[in-house]
Amino acid sequence: MTDTATMAGLDPATLADVLRVAGSPGFDRIQDQIRRTGGCSDPIHLTGSTVTRDRATGQALFSYSTDTEPGGRLRIACGNRRASRCPSCAWTYAGDTYHLIRAGLVGDPDKGTPHTIRDHPRVFATLTAPSFGPVHNRPDNRPCRCGVRHPEDSPELGTPLDPDAYDYAGAVLWNNHASELWRFFTIYLRREIAARAGLTQKAAREQSKVSFGKVAEYQKRGAIHFHAVVRFDGPDGPDSPPPHWASVALLTDAIHAAAARVRVDLDASGEHPARVFCWGDRLDVREIKAFGDGSEITEQAVASYVAKYATKAAETTGTVDRRVGNKEALLLLDVPDHPRRLIEACLDLHGAYPDRKLREWAHMLGFRGHFSTKSRAYSTTLGALRQVRADYRAAQHRAALGLPDPDEIPEETTLTLAHWTYAGHGHTPGESWIAANIRRDIEQNRETAREERTTDALIEGEAW
């Protein structure tokens, strides 16, 4: 862990703390705790104890206390989904999202969907925001309207051609209402499906069910757009086949019609005019096909794409990943001009629309919705996936401490008492360096394992 090659570039204070931690009596246990969090960047610290007693005699059968841990604390992963905050926990969140979306595409009985679900009509839809003014872009690799052919990593991409004429208020208010636009879209979609099937809405519900799994993503210009898996099921959800009339073509047509119908009104407030929000005209709907059929929109690609953006937020546009209290802070944080103006628009509009909480969500450029959501019947839940992982980690922890499996302890004859207290969070500079190295090693191992699985899949495909 204390590799001299990687320690050479450390500042004196961090180097001194690395050597202090490495020379401490509990170093091995500190390493073990950090490794069990996956190299979490900002672990939660707990103090407390748990004891299991015999109900009849009161005798302590098994016990654990953080008094025996280094510093008297136990570290657990922070669980933050943002890659900018904690790459380790964000990777875990992305993995959960991947398995959740994939289970709704290829089927996974352990996650609530049968393998026959691959035969259900399903599409990948992208719903975007309208224009709030012309911006620098790369239209099919042609020159931008400014006359320049921008490279892919150009900082000008997504920024207004004329910032003074750009509708910053409209942009952040649209973001702020994006969740309502999605809600109305799902309502209208079911109505459009029924109309195209020649059925009443009640009859359509009795014959079919529509399930969603979606993720929000920020475009370069700072506007939210949604990527969604939309799937036809039978009346009992994924376990039942869709009706004969349910097709990809019908679903695609209904999505276009539903998106065109959505309107969300915002009343005038003071000097701010009334507005009507709707989806942009760049609606993309593509059929999701099986892996290996030559299509770009495959089950694997869609699940990976959704998982990728589940851990990203507005910081990808150049803004910050935490709340901003005032405009002066934006200058201190050196926020680029375009996201700075969007944040300032949120702060300016807060007084006119206090119920929209624009000040609290200014760092998110007004957006206040969930980044990944799904309908109830789409597949398993993130909570269920987290519980499986929590049970696994608890079993590992018990094994390391020599504690028994609780399933082996009869509840009717024992009593477990636990008391835990929050004791802080984070690492010392030396611990942060150690955690970063552990996280890097874990990522390398994962990448190696993934490459081996990909190679095996290709070999099997060639053999097939």
# chains A, B, ... in the order shown; residues from 1 in each chain; ligands from 1
call {"tool": "residues_around", "arguments": {"residues": "region 180-194 of chain A", "least_positions_apart": "5", "cutoff": "7 Å", "atoms": "only C-alpha atoms", "output": "ChimeraX atom specification"}}
result
/A:199-201,204,251,254-255,257-259,262,264
call {"tool": "write_last_selection", "arguments": {"atoms": "N, CA and C atoms", "output": "compact mmCIF listing (two decimals), in the first residue's frame"}}
result
# COMPACT_ATOMS: atom_id res chain seq x y z
N LEU A 199 -59.57 0.84 -28.60
CA LEU A 199 -60.17 0.39 -27.34
C LEU A 199 -60.43 1.58 -26.44
N THR A 200 -61.30 1.38 -25.46
CA THR A 200 -61.44 2.36 -24.40
C THR A 200 -60.21 2.25 -23.50
N GLN A 201 -59.97 3.28 -22.71
CA GLN A 201 -58.81 3.24 -21.82
C GLN A 201 -58.94 2.09 -20.82
N ALA A 204 -58.12 -1.14 -22.63
CA ALA A 204 -56.68 -1.23 -22.89
C ALA A 204 -55.92 -1.62 -21.63
N LEU A 251 -46.49 1.30 -30.44
CA LEU A 251 -45.89 1.97 -29.29
C LEU A 251 -45.12 3.21 -29.72
N ALA A 254 -47.57 5.95 -30.66
CA ALA A 254 -48.23 6.49 -29.47
C ALA A 254 -47.29 7.41 -28.69
N ILE A 255 -46.00 7.08 -28.63
CA ILE A 255 -45.03 7.92 -27.92
C ILE A 255 -44.92 9.29 -28.59
N ALA A 257 -47.17 10.78 -30.43
CA ALA A 257 -48.42 11.51 -30.24
C ALA A 257 -48.55 12.03 -28.81
N ALA A 258 -48.18 11.21 -27.84
CA ALA A 258 -48.28 11.62 -26.44
C ALA A 258 -47.35 12.78 -26.13
N ALA A 259 -46.11 12.70 -26.63
CA ALA A 259 -45.15 13.77 -26.37
C ALA A 259 -45.63 15.09 -26.96
N VAL A 262 -48.30 17.00 -24.62
CA VAL A 262 -47.99 17.45 -23.26
C VAL A 262 -47.82 18.96 -23.20
N VAL A 264 -47.55 22.01 -19.92
CA VAL A 264 -47.58 22.37 -18.50
C VAL A 264 -47.57 23.89 -18.42
call {"tool": "select_by_dssp", "arguments": {"residues": "region 92-222 of chain A", "states": "alpha helix (DSSP H)", "output": "number ranges by chain"}}
result
A: 92-106, 168-197, 201-207
call {"tool": "closest_atom_pairs", "arguments": {"of": "region 55-144 of chain A", "to": "region 373-395 of chain A", "cutoff": "8 Å", "atoms": "only C-alpha atoms", "output": "Markdown table"}}
result
| residue | atom | partner | partner_atom | distance |
| --- | --- | --- | --- | --- |
| A:Asp96 | CA | A:Leu382 | CA | 6.5 |
| A:Thr97 | CA | A:Leu382 | CA | 7.2 |
| A:Leu100 | CA | A:Thr380 | CA | 6.1 |
| A:Ile101 | CA | A:Ser379 | CA | 7.5 |
| A:Ala103 | CA | A:Ser379 | CA | 6.1 |
| A:Gly104 | CA | A:Ser379 | CA | 5.2 |
| A:Lys111 | CA | A:Thr380 | CA | 4.9 |
| A:Gly112 | CA | A:Ser379 | CA | 5.5 |
| A:Thr113 | CA | A:Ser379 | CA | 5.9 |
call {"tool": "write_last_selection", "arguments": {"atoms": "all heavy atoms", "output": "mmCIF file, in the first residue's frame"}}
result
data_model
loop_
_atom_site.group_PDB
_atom_site.id
_atom_site.type_symbol
_atom_site.label_atom_id
_atom_site.label_comp_id
_atom_site.auth_asym_id
_atom_site.auth_seq_id
_atom_site.Cartn_x
_atom_site.Cartn_y
_atom_site.Cartn_z
ATOM 1 N N ASP A 96 -26.037 -1.214 -9.892
ATOM 2 C CA ASP A 96 -27.414 -1.536 -9.522
ATOM 3 C C ASP A 96 -28.385 -1.109 -10.620
ATOM 4 O O ASP A 96 -29.318 -1.844 -10.975
ATOM 5 C CB ASP A 96 -27.783 -0.846 -8.210
ATOM 6 C CG ASP A 96 -27.142 -1.501 -6.990
ATOM 7 O OD1 ASP A 96 -26.587 -2.613 -7.141
ATOM 8 O OD2 ASP A 96 -27.187 -0.904 -5.906
ATOM 9 N N THR A 97 -28.174 0.104 -11.148
ATOM 10 C CA THR A 97 -29.049 0.603 -12.200
ATOM 11 C C THR A 97 -28.947 -0.269 -13.447
ATOM 12 O O THR A 97 -29.953 -0.565 -14.105
ATOM 13 C CB THR A 97 -28.693 2.061 -12.548
ATOM 14 O OG1 THR A 97 -28.788 2.863 -11.363
ATOM 15 C CG2 THR A 97 -29.639 2.618 -13.596
ATOM 16 N N LEU A 100 -30.858 -3.419 -12.842
ATOM 17 C CA LEU A 100 -32.293 -3.129 -12.805
ATOM 18 C C LEU A 100 -32.847 -2.969 -14.222
ATOM 19 O O LEU A 100 -33.870 -3.567 -14.574
ATOM 20 C CB LEU A 100 -32.526 -1.856 -11.986
ATOM 21 C CG LEU A 100 -33.962 -1.411 -11.739
ATOM 22 C CD1 LEU A 100 -34.039 -0.641 -10.419
ATOM 23 C CD2 LEU A 100 -34.485 -0.527 -12.856
ATOM 24 N N ILE A 101 -32.160 -2.162 -15.046
ATOM 25 C CA ILE A 101 -32.621 -1.936 -16.415
ATOM 26 C C ILE A 101 -32.494 -3.215 -17.239
ATOM 27 O O ILE A 101 -33.409 -3.590 -17.990
ATOM 28 C CB ILE A 101 -31.822 -0.799 -17.076
ATOM 29 C CG1 ILE A 101 -32.107 0.532 -16.354
ATOM 30 C CG2 ILE A 101 -32.158 -0.684 -18.554
ATOM 31 C CD1 ILE A 101 -33.541 0.994 -16.440
ATOM 32 N N ALA A 103 -32.567 -6.302 -16.250
ATOM 33 C CA ALA A 103 -33.560 -7.304 -15.850
ATOM 34 C C ALA A 103 -34.899 -7.046 -16.517
ATOM 35 O O ALA A 103 -35.674 -7.977 -16.760
ATOM 36 C CB ALA A 103 -33.726 -7.306 -14.332
ATOM 37 N N GLY A 104 -35.184 -5.774 -16.836
ATOM 38 C CA GLY A 104 -36.428 -5.446 -17.516
ATOM 39 C C GLY A 104 -36.359 -5.623 -19.017
ATOM 40 O O GLY A 104 -37.362 -5.427 -19.705
ATOM 41 N N LYS A 111 -34.887 -11.190 -10.162
ATOM 42 C CA LYS A 111 -35.179 -9.763 -10.083
ATOM 43 C C LYS A 111 -36.593 -9.453 -10.564
ATOM 44 O O LYS A 111 -36.898 -8.324 -10.959
ATOM 45 C CB LYS A 111 -34.149 -8.965 -10.881
ATOM 46 C CG LYS A 111 -32.728 -9.102 -10.323
ATOM 47 C CD LYS A 111 -31.734 -8.313 -11.141
ATOM 48 C CE LYS A 111 -30.343 -8.380 -10.535
ATOM 49 N NZ LYS A 111 -29.776 -9.743 -10.541
ATOM 50 N N GLY A 112 -37.453 -10.449 -10.570
ATOM 51 C CA GLY A 112 -38.866 -10.214 -10.809
ATOM 52 C C GLY A 112 -39.326 -10.219 -12.246
ATOM 53 O O GLY A 112 -40.471 -9.834 -12.529
ATOM 54 N N THR A 113 -38.476 -10.643 -13.188
ATOM 55 C CA THR A 113 -38.901 -10.677 -14.592
ATOM 56 C C THR A 113 -38.498 -12.011 -15.232
ATOM 57 O O THR A 113 -37.364 -12.451 -15.080
ATOM 58 C CB THR A 113 -38.248 -9.529 -15.395
ATOM 59 O OG1 THR A 113 -36.824 -9.543 -15.181
ATOM 60 C CG2 THR A 113 -38.810 -8.186 -14.967
#
call {"tool": "residues_around", "arguments": {"residues": "Arg73 (chain A)", "least_positions_apart": "2", "cutoff": "9 Å", "atoms": "only C-alpha atoms", "output": "JSON, numbers by chain"}}
result
{"A": [45, 46, 47, 48, 66, 67, 68, 69, 70, 71, 75, 423]}
call {"tool": "write_last_selection", "arguments": {"atoms": "C-alpha atoms", "output": "compact mmCIF listing (two decimals), in the first residue's frame"}}
result
# COMPACT_ATOMS: atom_id res chain seq x y z
CA HIS A 45 -18.20 6.69 10.89
CA LEU A 46 -20.26 4.83 13.50
CA THR A 47 -19.69 4.02 17.13
CA GLY A 48 -21.71 1.48 19.05
CA THR A 66 -16.42 -0.55 18.02
CA ASP A 67 -14.26 -0.14 21.12
CA THR A 68 -11.98 -2.75 19.56
CA GLU A 69 -11.70 -0.86 16.25
CA PRO A 70 -8.96 1.67 15.40
CA GLY A 71 -10.08 4.99 16.81
CA ARG A 75 -16.50 2.88 8.61
CA ALA A 423 -19.57 9.79 14.79
call {"tool": "closest_residue", "arguments": {"among": "A:Val123, A:Cys40, A:Ala418, A:Ile343", "to": "Ser247 (chain A)", "atoms": "only C-alpha atoms"}}
result
A:Val123
call {"tool": "residues_around", "arguments": {"residues": "Asp11 (chain A)", "least_positions_apart": "6", "cutoff": "12 Å", "atoms": "only C-alpha atoms", "output": "VMD selection string"}}
result
chain A and resid 17 to 18 429 to 430 433
call {"tool": "residues_around", "arguments": {"residues": "Asp42 (chain A)", "least_positions_apart": "5", "cutoff": "10 Å", "atoms": "only C-alpha atoms", "output": "compact mmCIF listing (two decimals) with C-alpha atoms, in the first residue's frame"}}
result
# COMPACT_ATOMS: atom_id res chain seq x y z
CA THR A 37 -16.31 0.13 1.73
CA ARG A 75 -16.50 2.88 8.61
CA ILE A 76 -19.36 2.17 6.22
CA ALA A 77 -19.78 3.34 2.61
CA CYS A 78 -21.44 6.73 2.09
CA GLY A 79 -23.71 5.42 -0.70
CA ASN A 80 -23.61 8.67 -2.70
CA ARG A 85 -18.52 12.94 -4.83
CA CYS A 86 -17.58 9.27 -4.49
CA SER A 88 -16.63 4.00 -5.57
CA CYS A 89 -20.23 4.31 -4.39
CA GLY A 424 -18.57 11.75 11.69
CA HIS A 425 -17.49 11.06 8.13
CA GLY A 426 -14.55 11.24 5.77
CA HIS A 427 -10.84 10.42 5.83
CA SER A 432 -7.82 9.38 1.50
CA ALA A 435 -8.63 4.71 -0.12
call {"tool": "closest_residue", "arguments": {"among": "A:Ser295, A:Ser49, A:Thr319, A:Ser65", "to": "Pro339 (chain A)", "atoms": "only C-alpha atoms"}}
result
A:Thr319
call {"tool": "closest_atom_pairs", "arguments": {"of": "region 327-417 of chain A", "to": "region 215-225 of chain A", "cutoff": "12 Å", "atoms": "only C-alpha atoms", "output": "Markdown table"}}
result
| residue | atom | partner | partner_atom | distance |
| --- | --- | --- | --- | --- |
| A:Asp337 | CA | A:Arg221 | CA | 11.6 |
| A:His338 | CA | A:Arg221 | CA | 8.0 |
| A:Pro339 | CA | A:Gly222 | CA | 7.1 |
| A:Arg340 | CA | A:Gly222 | CA | 10.7 |
| A:Arg341 | CA | A:Gly222 | CA | 10.7 |
| A:Leu342 | CA | A:Gly222 | CA | 8.0 |
| A:Ile343 | CA | A:Gly222 | CA | 10.3 |
| A:Ala362 | CA | A:Gly222 | CA | 11.8 |
| A:His363 | CA | A:Gly222 | CA | 11.0 |
| A:Met364 | CA | A:Gly222 | CA | 9.1 |
| A:Leu365 | CA | A:Gly222 | CA | 7.1 |
| A:Gly366 | CA | A:Ala223 | CA | 9.5 |
| A:Phe367 | CA | A:Ile224 | CA | 7.5 |
| A:Arg368 | CA | A:Ile224 | CA | 10.6 |
| A:Gly369 | CA | A:Ala216 | CA | 8.7 |
| A:His370 | CA | A:Ala216 | CA | 7.8 |
| A:Phe371 | CA | A:Ala216 | CA | 4.9 |
| A:Ser372 | CA | A:Val215 | CA | 4.3 |
| A:Thr373 | CA | A:Val215 | CA | 6.6 |
| A:Lys374 | CA | A:Val215 | CA | 8.8 |
call {"tool": "residues_around", "arguments": {"residues": "Pro235 (chain A)", "least_positions_apart": "4", "cutoff": "7 Å", "atoms": "only C-alpha atoms", "output": "PyMOL selection string"}}
result
chain A and resi 205-209+240
call {"tool": "write_last_selection", "arguments": {"atoms": "N, CA and C atoms", "output": "short mmCIF file (atom, residue, chain, number, x, y, z; two decimals), in the first residue's frame"}}
result
data_model
loop_
_atom_site.label_atom_id
_atom_site.label_comp_id
_atom_site.auth_asym_id
_atom_site.auth_seq_id
_atom_site.Cartn_x
_atom_site.Cartn_y
_atom_site.Cartn_z
N ARG A 205 -56.34 -1.07 -20.48
CA ARG A 205 -55.68 -1.42 -19.20
C ARG A 205 -55.93 -2.87 -18.85
N GLU A 206 -57.10 -3.38 -19.19
CA GLU A 206 -57.43 -4.77 -18.87
C GLU A 206 -56.65 -5.76 -19.75
N GLN A 207 -56.16 -5.29 -20.88
CA GLN A 207 -55.46 -6.18 -21.80
C GLN A 207 -53.94 -5.99 -21.79
N SER A 208 -53.48 -4.85 -21.31
CA SER A 208 -52.04 -4.57 -21.40
C SER A 208 -51.59 -3.67 -20.27
N LYS A 209 -50.27 -3.62 -20.11
CA LYS A 209 -49.65 -2.73 -19.15
C LYS A 209 -48.39 -2.17 -19.79
N SER A 240 -46.97 -11.91 -18.04
CA SER A 240 -48.02 -12.25 -19.02
C SER A 240 -47.68 -11.64 -20.37
#
call {"tool": "closest_residue", "arguments": {"among": "A:Gly72, A:Gly58, A:Pro12, A:His120", "to": "Gly26 (chain A)", "atoms": "only C-alpha atoms"}}
result
A:Gly72
call {"tool": "closest_atom_pairs", "arguments": {"of": "region 94-195 of chain A", "to": "region 308-311 of chain A", "cutoff": "9 Å", "atoms": "only C-alpha atoms", "output": "Markdown table"}}
result
| residue | atom | partner | partner_atom | distance |
| --- | --- | --- | --- | --- |
| A:Ala94 | CA | A:Ala310 | CA | 6.2 |
| A:Gly95 | CA | A:Lys308 | CA | 9.0 |
| A:Thr97 | CA | A:Ala310 | CA | 7.2 |
| A:Tyr98 | CA | A:Lys308 | CA | 8.3 |
call {"tool": "closest_residue", "arguments": {"among": "A:Cys146, A:Ala13, A:Ala352, A:Pro134", "to": "Asp167 (chain A)", "atoms": "only C-alpha atoms"}}
result
A:Pro134
call {"tool": "select_by_dssp", "arguments": {"residues": "region 230-349 of chain A", "states": "strand (DSSP E)", "output": "PyMOL selection string"}}
result
chain A and resi 230-233+264-266+275-277+284-287
